[in-house]
$ cat coords_20.csv   # CSV, N, CA and C atoms
chain,number,residue,atom,x,y,z
A,1,MET,N,-12.9,15.6,-10.6
A,1,MET,CA,-11.5,15.8,-11.1
A,1,MET,C,-10.8,14.5,-11.4
A,2,LEU,N,-10.9,13.5,-10.5
A,2,LEU,CA,-10.3,12.2,-10.8
A,2,LEU,C,-11.1,11.4,-11.8
A,3,HIS,N,-10.5,10.7,-12.7
A,3,HIS,CA,-11.2,9.8,-13.6
A,3,HIS,C,-11.3,8.4,-12.9
A,4,HIS,N,-10.1,7.9,-12.5
A,4,HIS,CA,-10.1,6.6,-11.8
A,4,HIS,C,-8.8,6.5,-11.0
A,5,LEU,N,-8.8,5.6,-10.0
A,5,LEU,CA,-7.6,5.4,-9.2
A,5,LEU,C,-7.4,3.9,-9.2
A,6,GLU,N,-6.2,3.4,-9.5
A,6,GLU,CA,-5.8,2.0,-9.6
A,6,GLU,C,-4.8,1.7,-8.5
A,7,LEU,N,-5.2,0.7,-7.7
A,7,LEU,CA,-4.3,0.3,-6.6
A,7,LEU,C,-3.8,-1.2,-6.9
A,8,TRP,N,-2.5,-1.4,-7.0
A,8,TRP,CA,-2.0,-2.7,-7.1
A,8,TRP,C,-1.9,-3.3,-5.8
A,9,VAL,N,-2.4,-4.5,-5.6
A,9,VAL,CA,-2.5,-5.1,-4.3
A,9,VAL,C,-1.8,-6.5,-4.3
A,10,PRO,N,-1.3,-7.0,-3.2
A,10,PRO,CA,-0.6,-8.2,-3.2
A,10,PRO,C,-1.6,-9.4,-3.1
A,11,ASP,N,-2.9,-9.2,-2.7
A,11,ASP,CA,-3.8,-10.3,-2.6
A,11,ASP,C,-5.2,-9.8,-3.0
A,12,LEU,N,-5.7,-10.2,-4.1
A,12,LEU,CA,-6.9,-9.7,-4.7
A,12,LEU,C,-8.1,-10.0,-3.8
A,13,GLN,N,-8.1,-11.2,-3.2
A,13,GLN,CA,-9.2,-11.6,-2.4
A,13,GLN,C,-9.3,-10.7,-1.1
A,14,ARG,N,-8.2,-10.4,-0.5
A,14,ARG,CA,-8.3,-9.5,0.7
A,14,ARG,C,-8.7,-8.1,0.3
A,15,ALA,N,-8.2,-7.7,-0.9
A,15,ALA,CA,-8.6,-6.3,-1.3
A,15,ALA,C,-10.0,-6.2,-1.7
A,16,GLU,N,-10.5,-7.3,-2.3
A,16,GLU,CA,-12.0,-7.3,-2.6
A,16,GLU,C,-12.8,-7.3,-1.4
A,17,LYS,N,-12.4,-8.0,-0.3
A,17,LYS,CA,-13.1,-8.0,0.9
A,17,LYS,C,-13.1,-6.6,1.6
A,18,SER,N,-11.9,-6.0,1.7
A,18,SER,CA,-11.9,-4.7,2.4
A,18,SER,C,-12.4,-3.6,1.5
A,19,PHE,N,-11.9,-3.4,0.3
A,19,PHE,CA,-12.3,-2.3,-0.5
A,19,PHE,C,-13.7,-2.5,-1.0
A,20,GLY,N,-14.1,-3.7,-1.3
A,20,GLY,CA,-15.5,-4.0,-1.8
A,20,GLY,C,-16.5,-3.6,-0.8
A,21,TRP,N,-16.3,-3.9,0.5
A,21,TRP,CA,-17.2,-3.5,1.5
A,21,TRP,C,-17.2,-2.0,1.7
A,22,LEU,N,-16.0,-1.4,1.8
A,22,LEU,CA,-16.0,0.0,2.0
A,22,LEU,C,-16.6,0.8,0.9
A,23,LEU,N,-16.3,0.5,-0.3
A,23,LEU,CA,-16.8,1.2,-1.5
A,23,LEU,C,-18.3,1.0,-1.6
A,24,GLY,N,-18.8,-0.2,-1.3
A,24,GLY,CA,-20.2,-0.4,-1.3
A,24,GLY,C,-20.9,0.4,-0.3
A,25,ALA,N,-20.3,0.5,0.9
A,25,ALA,CA,-20.9,1.3,2.0
A,25,ALA,C,-20.9,2.8,1.6
A,26,LEU,N,-20.0,3.2,0.8
A,26,LEU,CA,-19.9,4.6,0.3
A,26,LEU,C,-20.7,4.9,-0.9
A,27,GLY,N,-21.5,4.0,-1.3
A,27,GLY,CA,-22.4,4.2,-2.5
A,27,GLY,C,-21.9,3.8,-3.8
A,28,CYS,N,-20.7,3.1,-3.9
A,28,CYS,CA,-20.2,2.7,-5.2
A,28,CYS,C,-20.8,1.4,-5.5
A,29,THR,N,-20.9,1.1,-6.8
A,29,THR,CA,-21.4,-0.2,-7.3
A,29,THR,C,-20.3,-0.9,-8.1
A,30,PRO,N,-20.4,-2.3,-8.1
A,30,PRO,CA,-19.4,-3.0,-8.8
A,30,PRO,C,-19.4,-2.6,-10.3
A,31,HIS,N,-18.2,-2.4,-10.9
A,31,HIS,CA,-18.1,-1.9,-12.2
A,31,HIS,C,-17.5,-2.9,-13.2
A,32,GLN,N,-16.3,-3.4,-12.9
A,32,GLN,CA,-15.6,-4.4,-13.7
A,32,GLN,C,-15.1,-5.5,-12.9
A,33,HIS,N,-14.9,-6.7,-13.5
A,33,HIS,CA,-14.5,-7.9,-12.9
A,33,HIS,C,-13.7,-8.7,-13.9
A,34,TRP,N,-12.4,-8.9,-13.6
A,34,TRP,CA,-11.6,-9.8,-14.4
A,34,TRP,C,-10.7,-10.6,-13.6
A,35,GLU,N,-9.9,-11.5,-14.2
A,35,GLU,CA,-9.1,-12.5,-13.5
A,35,GLU,C,-8.3,-11.8,-12.4
A,36,HIS,N,-7.6,-10.7,-12.7
A,36,HIS,CA,-6.7,-10.1,-11.7
A,36,HIS,C,-7.2,-8.8,-11.1
A,37,GLY,N,-8.4,-8.5,-11.3
A,37,GLY,CA,-8.9,-7.2,-10.7
A,37,GLY,C,-10.4,-7.0,-10.6
A,38,ARG,N,-10.7,-6.0,-9.9
A,38,ARG,CA,-12.1,-5.6,-9.7
A,38,ARG,C,-12.1,-4.1,-9.7
A,39,SER,N,-13.3,-3.5,-10.0
A,39,SER,CA,-13.5,-2.1,-9.8
A,39,SER,C,-14.9,-1.8,-9.4
A,40,TRP,N,-15.0,-0.6,-8.7
A,40,TRP,CA,-16.3,-0.1,-8.3
A,40,TRP,C,-16.4,1.4,-8.7
A,41,ARG,N,-17.6,1.8,-9.1
A,41,ARG,CA,-17.9,3.1,-9.7
A,41,ARG,C,-18.9,3.8,-8.8
A,42,ARG,N,-18.7,5.1,-8.8
A,42,ARG,CA,-19.7,6.1,-8.3
A,42,ARG,C,-19.6,7.3,-9.2
A,43,GLY,N,-20.7,7.6,-9.9
A,43,GLY,CA,-20.7,8.7,-10.9
A,43,GLY,C,-19.6,8.4,-11.9
A,44,ALA,N,-18.9,9.4,-12.3
A,44,ALA,CA,-17.8,9.2,-13.3
A,44,ALA,C,-16.5,8.6,-12.8
A,45,PHE,N,-16.4,8.6,-11.5
A,45,PHE,CA,-15.1,8.1,-10.9
A,45,PHE,C,-15.2,6.6,-10.6
A,46,TYR,N,-14.1,5.8,-10.8
A,46,TYR,CA,-14.1,4.5,-10.4
A,46,TYR,C,-12.7,4.1,-9.8
A,47,LEU,N,-12.7,3.1,-8.9
A,47,LEU,CA,-11.5,2.7,-8.2
A,47,LEU,C,-11.3,1.2,-8.5
A,48,VAL,N,-10.0,0.9,-8.9
A,48,VAL,CA,-9.6,-0.4,-9.3
A,48,VAL,C,-8.7,-1.0,-8.2
A,49,VAL,N,-8.9,-2.2,-7.9
A,49,VAL,CA,-7.8,-3.0,-7.2
A,49,VAL,C,-7.4,-4.1,-8.1
A,50,GLU,N,-6.1,-4.3,-8.3
A,50,GLU,CA,-5.6,-5.3,-9.2
A,50,GLU,C,-4.4,-6.0,-8.6
A,51,GLN,N,-4.4,-7.3,-8.7
A,51,GLN,CA,-3.2,-8.1,-8.4
A,51,GLN,C,-2.6,-8.4,-9.7
A,52,SER,N,-1.8,-7.5,-10.2
A,52,SER,CA,-1.3,-7.6,-11.5
A,52,SER,C,-0.2,-8.6,-11.6
A,53,PRO,N,-0.1,-9.3,-12.7
A,53,PRO,CA,1.0,-10.3,-12.9
A,53,PRO,C,2.4,-9.5,-13.0
A,54,ALA,N,2.3,-8.2,-13.2
A,54,ALA,CA,3.6,-7.4,-13.3
A,54,ALA,C,4.0,-6.8,-12.0
A,55,LEU,N,3.3,-7.1,-10.9
A,55,LEU,CA,3.6,-6.6,-9.6
A,55,LEU,C,5.0,-7.1,-9.2
A,56,THR,N,5.8,-6.2,-8.7
A,56,THR,CA,7.2,-6.5,-8.4
A,56,THR,C,7.5,-6.6,-6.9
A,57,GLY,N,6.6,-6.1,-6.0
A,57,GLY,CA,6.8,-6.2,-4.6
A,57,GLY,C,5.6,-6.9,-3.9
A,58,GLY,N,5.8,-7.2,-2.7
A,58,GLY,CA,4.8,-7.9,-2.0
A,58,GLY,C,4.0,-7.1,-0.9
A,59,THR,N,4.5,-5.9,-0.6
A,59,THR,CA,3.8,-5.1,0.4
A,59,THR,C,3.7,-3.6,-0.1
A,60,HIS,N,2.7,-3.0,0.5
A,60,HIS,CA,2.5,-1.6,0.3
A,60,HIS,C,3.1,-0.8,1.5
A,61,GLU,N,3.8,0.2,1.2
A,61,GLU,CA,4.4,1.0,2.3
A,61,GLU,C,3.9,2.4,2.2
A,62,ARG,N,2.9,2.8,2.9
A,62,ARG,CA,2.3,4.1,2.8
A,62,ARG,C,3.2,5.2,3.3
A,63,CYS,N,4.2,4.9,4.1
A,63,CYS,CA,5.1,6.0,4.5
A,63,CYS,C,6.3,6.1,3.6
A,64,GLY,N,6.4,5.4,2.5
A,64,GLY,CA,7.5,5.6,1.6
A,64,GLY,C,7.0,6.5,0.5
A,65,PRO,N,7.9,6.7,-0.5
A,65,PRO,CA,7.5,7.6,-1.6
A,65,PRO,C,6.2,7.0,-2.3
A,66,GLY,N,5.4,7.9,-2.8
A,66,GLY,CA,4.1,7.5,-3.4
A,66,GLY,C,2.9,7.9,-2.6
A,67,MET,N,1.8,7.3,-2.9
A,67,MET,CA,0.6,7.7,-2.3
A,67,MET,C,0.5,7.2,-0.8
A,68,ASN,N,0.1,8.1,0.1
A,68,ASN,CA,0.0,7.8,1.5
A,68,ASN,C,-1.4,7.3,1.8
A,69,HIS,N,-2.4,8.0,1.3
A,69,HIS,CA,-3.8,7.5,1.6
A,69,HIS,C,-4.8,8.1,0.6
A,70,VAL,N,-6.0,7.6,0.6
A,70,VAL,CA,-7.1,8.2,-0.1
A,70,VAL,C,-8.2,8.6,0.8
A,71,ALA,N,-8.7,9.8,0.7
A,71,ALA,CA,-9.7,10.3,1.5
A,71,ALA,C,-11.1,10.3,0.8
A,72,PHE,N,-12.1,9.8,1.5
A,72,PHE,CA,-13.4,9.8,1.0
A,72,PHE,C,-14.4,10.7,1.8
A,73,ARG,N,-15.3,11.4,1.1
A,73,ARG,CA,-16.3,12.2,1.8
A,73,ARG,C,-17.4,11.2,2.3
A,74,VAL,N,-17.8,11.4,3.5
A,74,VAL,CA,-18.9,10.6,4.1
A,74,VAL,C,-20.0,11.5,4.6
A,75,GLU,N,-21.2,11.1,4.4
A,75,GLU,CA,-22.4,12.0,4.6
A,75,GLU,C,-22.5,12.7,6.0
A,76,SER,N,-22.0,12.1,7.0
A,76,SER,CA,-22.2,12.6,8.4
A,76,SER,C,-21.3,12.0,9.4
A,77,ARG,N,-21.2,12.6,10.5
A,77,ARG,CA,-20.4,12.0,11.6
A,77,ARG,C,-21.0,10.7,12.0
A,78,ALA,N,-22.3,10.5,12.1
A,78,ALA,CA,-22.9,9.3,12.4
A,78,ALA,C,-22.5,8.2,11.4
A,79,ALA,N,-22.4,8.5,10.1
A,79,ALA,CA,-22.0,7.6,9.1
A,79,ALA,C,-20.6,7.2,9.3
A,80,VAL,N,-19.7,8.1,9.6
A,80,VAL,CA,-18.3,7.8,9.9
A,80,VAL,C,-18.3,6.8,11.1
A,81,ASP,N,-19.0,7.1,12.2
A,81,ASP,CA,-19.0,6.2,13.3
A,81,ASP,C,-19.5,4.8,13.0
A,82,ALA,N,-20.5,4.7,12.2
A,82,ALA,CA,-21.0,3.4,11.8
A,82,ALA,C,-20.0,2.6,11.0
A,83,LEU,N,-19.3,3.3,10.1
A,83,LEU,CA,-18.3,2.6,9.3
A,83,LEU,C,-17.1,2.1,10.2
A,84,VAL,N,-16.7,2.9,11.1
A,84,VAL,CA,-15.7,2.5,12.1
A,84,VAL,C,-16.1,1.3,12.8
A,85,GLU,N,-17.3,1.3,13.2
A,85,GLU,CA,-17.9,0.1,14.0
A,85,GLU,C,-17.8,-1.2,13.2
A,86,GLU,N,-18.2,-1.1,11.9
A,86,GLU,CA,-18.2,-2.3,11.1
A,86,GLU,C,-16.9,-2.7,10.4
A,87,ALA,N,-16.0,-1.7,10.4
A,87,ALA,CA,-14.7,-1.9,9.6
A,87,ALA,C,-13.9,-3.1,10.0
A,88,PRO,N,-13.7,-3.5,11.3
A,88,PRO,CA,-12.9,-4.6,11.6
A,88,PRO,C,-13.4,-5.9,11.0
A,89,GLY,N,-14.7,-6.1,10.9
A,89,GLY,CA,-15.2,-7.3,10.2
A,89,GLY,C,-14.9,-7.4,8.8
A,90,HIS,N,-14.3,-6.4,8.2
A,90,HIS,CA,-14.1,-6.3,6.7
A,90,HIS,C,-12.6,-6.1,6.4
A,91,GLY,N,-11.7,-6.3,7.4
A,91,GLY,CA,-10.3,-6.2,7.2
A,91,GLY,C,-9.7,-4.9,7.5
A,92,TRP,N,-10.4,-4.0,8.1
A,92,TRP,CA,-9.9,-2.6,8.4
A,92,TRP,C,-9.7,-2.5,9.9
A,93,GLN,N,-8.7,-1.7,10.3
A,93,GLN,CA,-8.4,-1.4,11.7
A,93,GLN,C,-8.4,0.2,11.8
A,94,LEU,N,-8.9,0.7,12.9
A,94,LEU,CA,-8.8,2.1,13.2
A,94,LEU,C,-7.4,2.5,13.5
A,95,MET,N,-6.9,3.5,12.9
A,95,MET,CA,-5.6,4.1,13.2
A,95,MET,C,-5.8,5.3,14.1
A,96,PHE,N,-4.8,5.6,14.9
A,96,PHE,CA,-4.8,6.7,15.8
A,96,PHE,C,-6.0,6.7,16.8
A,97,PRO,N,-6.3,5.5,17.4
A,97,PRO,CA,-7.5,5.5,18.2
A,97,PRO,C,-7.5,6.4,19.4
A,98,ASP,N,-6.3,6.8,19.9
A,98,ASP,CA,-6.2,7.7,21.0
A,98,ASP,C,-6.6,9.1,20.6
A,99,ARG,N,-6.6,9.4,19.3
A,99,ARG,CA,-7.0,10.8,18.8
A,99,ARG,C,-8.3,10.8,18.0
A,100,HIS,N,-8.8,9.6,17.8
A,100,HIS,CA,-10.1,9.5,17.0
A,100,HIS,C,-11.2,10.2,17.7
A,101,PRO,N,-12.1,10.9,17.0
A,101,PRO,CA,-12.2,11.2,15.6
A,101,PRO,C,-11.6,12.5,15.1
A,102,PHE,N,-10.7,13.0,15.9
A,102,PHE,CA,-10.1,14.3,15.6
A,102,PHE,C,-8.6,14.1,15.3
A,103,ALA,N,-8.1,13.0,14.8
A,103,ALA,CA,-6.7,12.8,14.5
A,103,ALA,C,-6.2,13.7,13.5
A,104,GLY,N,-7.1,14.3,12.6
A,104,GLY,CA,-6.7,15.2,11.6
A,104,GLY,C,-6.7,16.7,12.1
A,105,GLY,N,-7.0,16.9,13.4
A,105,GLY,CA,-7.1,18.2,13.9
A,105,GLY,C,-8.5,18.5,14.5
A,106,ALA,N,-8.5,19.5,15.3
A,106,ALA,CA,-9.8,20.0,15.9
A,106,ALA,C,-10.7,20.4,14.8
A,107,GLY,N,-12.0,20.0,14.9
A,107,GLY,CA,-13.0,20.3,13.9
A,107,GLY,C,-13.0,19.5,12.6
A,108,HIS,N,-12.0,18.6,12.5
A,108,HIS,CA,-11.9,17.7,11.3
A,108,HIS,C,-12.3,16.3,11.8
A,109,TYR,N,-13.6,16.0,11.6
A,109,TYR,CA,-14.2,14.7,12.1
A,109,TYR,C,-13.9,13.7,11.0
A,110,ALA,N,-13.1,12.8,11.3
A,110,ALA,CA,-12.7,11.7,10.4
A,110,ALA,C,-12.2,10.5,11.0
A,111,ALA,N,-12.2,9.4,10.3
A,111,ALA,CA,-11.6,8.1,10.7
A,111,ALA,C,-10.5,7.8,9.7
A,112,TYR,N,-9.4,7.3,10.3
A,112,TYR,CA,-8.3,6.8,9.5
A,112,TYR,C,-8.3,5.3,9.7
A,113,LEU,N,-8.4,4.6,8.6
A,113,LEU,CA,-8.5,3.1,8.6
A,113,LEU,C,-7.3,2.5,7.8
A,114,GLU,N,-6.8,1.4,8.2
A,114,GLU,CA,-5.8,0.7,7.5
A,114,GLU,C,-6.2,-0.7,7.3
A,115,ASN,N,-6.0,-1.2,6.1
A,115,ASN,CA,-6.4,-2.6,5.8
A,115,ASN,C,-5.2,-3.6,6.0
A,116,GLU,N,-5.4,-4.8,5.9
A,116,GLU,CA,-4.4,-5.8,6.2
A,116,GLU,C,-3.2,-5.7,5.3
A,117,ASP,N,-3.3,-5.1,4.2
A,117,ASP,CA,-2.2,-4.9,3.2
A,117,ASP,C,-1.5,-3.5,3.4
A,118,GLY,N,-1.9,-2.8,4.4
A,118,GLY,CA,-1.3,-1.5,4.7
A,118,GLY,C,-1.8,-0.3,3.9
A,119,PHE,N,-2.9,-0.4,3.2
A,119,PHE,CA,-3.5,0.7,2.5
A,119,PHE,C,-4.4,1.5,3.5
A,120,GLU,N,-4.2,2.8,3.5
A,120,GLU,CA,-4.9,3.7,4.4
A,120,GLU,C,-6.0,4.5,3.7
A,121,VAL,N,-7.1,4.6,4.3
A,121,VAL,CA,-8.2,5.5,3.8
A,121,VAL,C,-8.6,6.4,5.0
A,122,GLU,N,-9.0,7.6,4.6
A,122,GLU,CA,-9.6,8.6,5.5
A,122,GLU,C,-11.0,8.8,5.2
A,123,LEU,N,-11.9,8.7,6.2
A,123,LEU,CA,-13.3,8.9,6.0
A,123,LEU,C,-13.7,10.2,6.6
A,124,VAL,N,-14.0,11.2,5.8
A,124,VAL,CA,-14.2,12.6,6.3
A,124,VAL,C,-15.7,12.9,6.4
A,125,ALA,N,-16.1,13.3,7.6
A,125,ALA,CA,-17.5,13.7,7.7
A,125,ALA,C,-17.8,15.0,7.0
A,126,VAL,N,-18.8,15.0,6.2
A,126,VAL,CA,-19.1,16.3,5.5
A,126,VAL,C,-19.9,17.1,6.4
A,127,THR,N,-19.6,18.4,6.5
A,127,THR,CA,-20.4,19.3,7.3
A,127,THR,C,-21.2,20.3,6.4
A,128,ALA,N,-22.1,21.0,6.9
A,128,ALA,CA,-23.0,21.8,6.1
A,128,ALA,C,-22.3,22.9,5.3
A,129,GLY,N,-21.1,23.4,5.7
A,129,GLY,CA,-20.4,24.4,5.0
A,129,GLY,C,-19.4,23.8,4.0
A,130,ASP,N,-19.3,22.5,3.9
A,130,ASP,CA,-18.4,21.9,2.9
A,130,ASP,C,-18.9,22.1,1.4
A,131,ALA,N,-17.9,22.4,0.6
A,131,ALA,CA,-18.3,22.5,-0.9
A,131,ALA,C,-18.6,21.1,-1.4
A,132,PRO,N,-19.4,21.0,-2.4
A,132,PRO,CA,-19.8,19.7,-3.0
A,132,PRO,C,-18.6,18.9,-3.5
$ encode --input "coords_20.csv" --output "structure tokens"
Amino acid sequence: MLHHLELWVPDLQRAEKSFGWLLGALGCTPHQHWEHGRSWRRGAFYLVVEQSPALTGGTHERCGPGMNHVAFRVESRAAVDALVEEAPGHGWQLMFPDRHPFAGGAGHYAAYLENEDGFEVELVAVTAGDAP
């Protein structure tokens, strides 16, 4: 359904470190590379991080109007656990550690991560009954 998602970031190098690692771990491959941005693709969908010269603010506020987070499907609970283990080395911190891995509710196995610039991602373990 989504064609692409573009995130404007305050620091391209930090975004490339955090999102590049995560997207690579989720099976995306580098797609585009230019002075102010990078993108990664998986199938028809691609995600862009850009430090646009037109950027007017310096921080992302996920609790303000706009997008709160992006959720990605992950192949298994074990894969979610492995990503959580590696995430801090790539600029991500686990959110809601006291409720992890069920911060989204009973039966919803997921990790919520936030990077240094305040962007949140949710990594949702796919179960056998999930639709493709």
$ select_by_dssp --input "coords_20.csv" --residues "range 43-118 of chain A" --states "alpha helix (DSSP H)" --output "number ranges by chain"
A: 77-86
$ write_last_selection --input "coords_20.csv" --atoms "N, CA and C atoms" --output "PDB file, in the frame of the given file"
ATOM      1  N   ARG A  77     -21.200  12.600  10.500  1.00  0.00           N
ATOM      2  CA  ARG A  77     -20.400  12.000  11.600  1.00  0.00           C
ATOM      3  C   ARG A  77     -21.000  10.700  12.000  1.00  0.00           C
ATOM      4  N   ALA A  78     -22.300  10.500  12.100  1.00  0.00           N
ATOM      5  CA  ALA A  78     -22.900   9.300  12.400  1.00  0.00           C
ATOM      6  C   ALA A  78     -22.500   8.200  11.400  1.00  0.00           C
ATOM      7  N   ALA A  79     -22.400   8.500  10.100  1.00  0.00           N
ATOM      8  CA  ALA A  79     -22.000   7.600   9.100  1.00  0.00           C
ATOM      9  C   ALA A  79     -20.600   7.200   9.300  1.00  0.00           C
ATOM     10  N   VAL A  80     -19.700   8.100   9.600  1.00  0.00           N
ATOM     11  CA  VAL A  80     -18.300   7.800   9.900  1.00  0.00           C
ATOM     12  C   VAL A  80     -18.300   6.800  11.100  1.00  0.00           C
ATOM     13  N   ASP A  81     -19.000   7.100  12.200  1.00  0.00           N
ATOM     14  CA  ASP A  81     -19.000   6.200  13.300  1.00  0.00           C
ATOM     15  C   ASP A  81     -19.500   4.800  13.000  1.00  0.00           C
ATOM     16  N   ALA A  82     -20.500   4.700  12.200  1.00  0.00           N
ATOM     17  CA  ALA A  82     -21.000   3.400  11.800  1.00  0.00           C
ATOM     18  C   ALA A  82     -20.000   2.600  11.000  1.00  0.00           C
ATOM     19  N   LEU A  83     -19.300   3.300  10.100  1.00  0.00           N
ATOM     20  CA  LEU A  83     -18.300   2.600   9.300  1.00  0.00           C
ATOM     21  C   LEU A  83     -17.100   2.100  10.200  1.00  0.00           C
ATOM     22  N   VAL A  84     -16.700   2.900  11.100  1.00  0.00           N
ATOM     23  CA  VAL A  84     -15.700   2.500  12.100  1.00  0.00           C
ATOM     24  C   VAL A  84     -16.100   1.300  12.800  1.00  0.00           C
ATOM     25  N   GLU A  85     -17.300   1.300  13.200  1.00  0.00           N
ATOM     26  CA  GLU A  85     -17.900   0.100  14.000  1.00  0.00           C
ATOM     27  C   GLU A  85     -17.800  -1.200  13.200  1.00  0.00           C
ATOM     28  N   GLU A  86     -18.200  -1.100  11.900  1.00  0.00           N
ATOM     29  CA  GLU A  86     -18.200  -2.300  11.100  1.00  0.00           C
ATOM     30  C   GLU A  86     -16.900  -2.700  10.400  1.00  0.00           C
TER      31      GLU A  86
END
$ closest_residue --input "coords_20.csv" --among "A:Glu75, A:Glu114, A:Glu120, A:Glu50" --to "Leu26 in chain A" --atoms "all atoms listed in the file"
A:Glu75
$ closest_residue --input "coords_20.csv" --among "A:Val124, A:Cys63, A:Leu113, A:Leu47" --to "Ser76 in chain A" --atoms "all atoms listed in the file"
A:Val124
$ residues_around --input "coords_20.csv" --residues "range 78-87 of chain A" --least-positions-apart "4" --cutoff "10 Å" --atoms "only C-alpha atoms" --output "list in words"
Ser18, Trp21, Leu22, Ala25, Leu26, Arg73, Val74, Gly91, Trp92, Gln93, Leu94, Pro101, Tyr109, Ala110, Ala111, Tyr112, Leu113, Glu114, Asn115, Glu122, Leu123, Val124, Ala125 and Val126 of chain A
$ write_last_selection --input "coords_20.csv" --atoms "N, CA and C atoms" --output "compact mmCIF listing (two decimals), in the frame of the given file"
# COMPACT_ATOMS: atom_id res chain seq x y z
N SER A 18 -11.90 -6.00 1.70
CA SER A 18 -11.90 -4.70 2.40
C SER A 18 -12.40 -3.60 1.50
N TRP A 21 -16.30 -3.90 0.50
CA TRP A 21 -17.20 -3.50 1.50
C TRP A 21 -17.20 -2.00 1.70
N LEU A 22 -16.00 -1.40 1.80
CA LEU A 22 -16.00 0.00 2.00
C LEU A 22 -16.60 0.80 0.90
N ALA A 25 -20.30 0.50 0.90
CA ALA A 25 -20.90 1.30 2.00
C ALA A 25 -20.90 2.80 1.60
N LEU A 26 -20.00 3.20 0.80
CA LEU A 26 -19.90 4.60 0.30
C LEU A 26 -20.70 4.90 -0.90
N ARG A 73 -15.30 11.40 1.10
CA ARG A 73 -16.30 12.20 1.80
C ARG A 73 -17.40 11.20 2.30
N VAL A 74 -17.80 11.40 3.50
CA VAL A 74 -18.90 10.60 4.10
C VAL A 74 -20.00 11.50 4.60
N GLY A 91 -11.70 -6.30 7.40
CA GLY A 91 -10.30 -6.20 7.20
C GLY A 91 -9.70 -4.90 7.50
N TRP A 92 -10.40 -4.00 8.10
CA TRP A 92 -9.90 -2.60 8.40
C TRP A 92 -9.70 -2.50 9.90
N GLN A 93 -8.70 -1.70 10.30
CA GLN A 93 -8.40 -1.40 11.70
C GLN A 93 -8.40 0.20 11.80
N LEU A 94 -8.90 0.70 12.90
CA LEU A 94 -8.80 2.10 13.20
C LEU A 94 -7.40 2.50 13.50
N PRO A 101 -12.10 10.90 17.00
CA PRO A 101 -12.20 11.20 15.60
C PRO A 101 -11.60 12.50 15.10
N TYR A 109 -13.60 16.00 11.60
CA TYR A 109 -14.20 14.70 12.10
C TYR A 109 -13.90 13.70 11.00
N ALA A 110 -13.10 12.80 11.30
CA ALA A 110 -12.70 11.70 10.40
C ALA A 110 -12.20 10.50 11.00
N ALA A 111 -12.20 9.40 10.30
CA ALA A 111 -11.60 8.10 10.70
C ALA A 111 -10.50 7.80 9.70
N TYR A 112 -9.40 7.30 10.30
CA TYR A 112 -8.30 6.80 9.50
C TYR A 112 -8.30 5.30 9.70
N LEU A 113 -8.40 4.60 8.60
CA LEU A 113 -8.50 3.10 8.60
C LEU A 113 -7.30 2.50 7.80
N GLU A 114 -6.80 1.40 8.20
CA GLU A 114 -5.80 0.70 7.50
C GLU A 114 -6.20 -0.70 7.30
N ASN A 115 -6.00 -1.20 6.10
CA ASN A 115 -6.40 -2.60 5.80
C ASN A 115 -5.20 -3.60 6.00
N GLU A 122 -9.00 7.60 4.60
CA GLU A 122 -9.60 8.60 5.50
C GLU A 122 -11.00 8.80 5.20
N LEU A 123 -11.90 8.70 6.20
CA LEU A 123 -13.30 8.90 6.00
C LEU A 123 -13.70 10.20 6.60
N VAL A 124 -14.00 11.20 5.80
CA VAL A 124 -14.20 12.60 6.30
C VAL A 124 -15.70 12.90 6.40
N ALA A 125 -16.10 13.30 7.60
CA ALA A 125 -17.50 13.70 7.70
C ALA A 125 -17.80 15.00 7.00
N VAL A 126 -18.80 15.00 6.20
CA VAL A 126 -19.10 16.30 5.50
C VAL A 126 -19.90 17.10 6.40
$ residues_around --input "coords_20.csv" --residues "range 36-44 of chain A" --least-positions-apart "6" --cutoff "6.5 Å" --atoms "all atoms listed in the file" --output "number ranges by chain"
A: 2-4, 12, 27-30, 50-52
$ closest_residue --input "coords_20.csv" --among "A:Ala15, A:Phe119, A:Tyr46, A:Glu6" --to "Glu61 in chain A" --atoms "only N, CA and C atoms"
A:Phe119
$ closest_residue --input "coords_20.csv" --among "A:Trp8, A:Glu116, A:Pro65, A:Ala54" --to "His90 in chain A" --atoms "only N, CA and C atoms"
A:Glu116
$ closest_residue --input "coords_20.csv" --among "A:Thr56, A:Lys17, A:His31, A:Phe45" --to "Gly89 in chain A" --atoms "only N, CA and C atoms"
A:Lys17
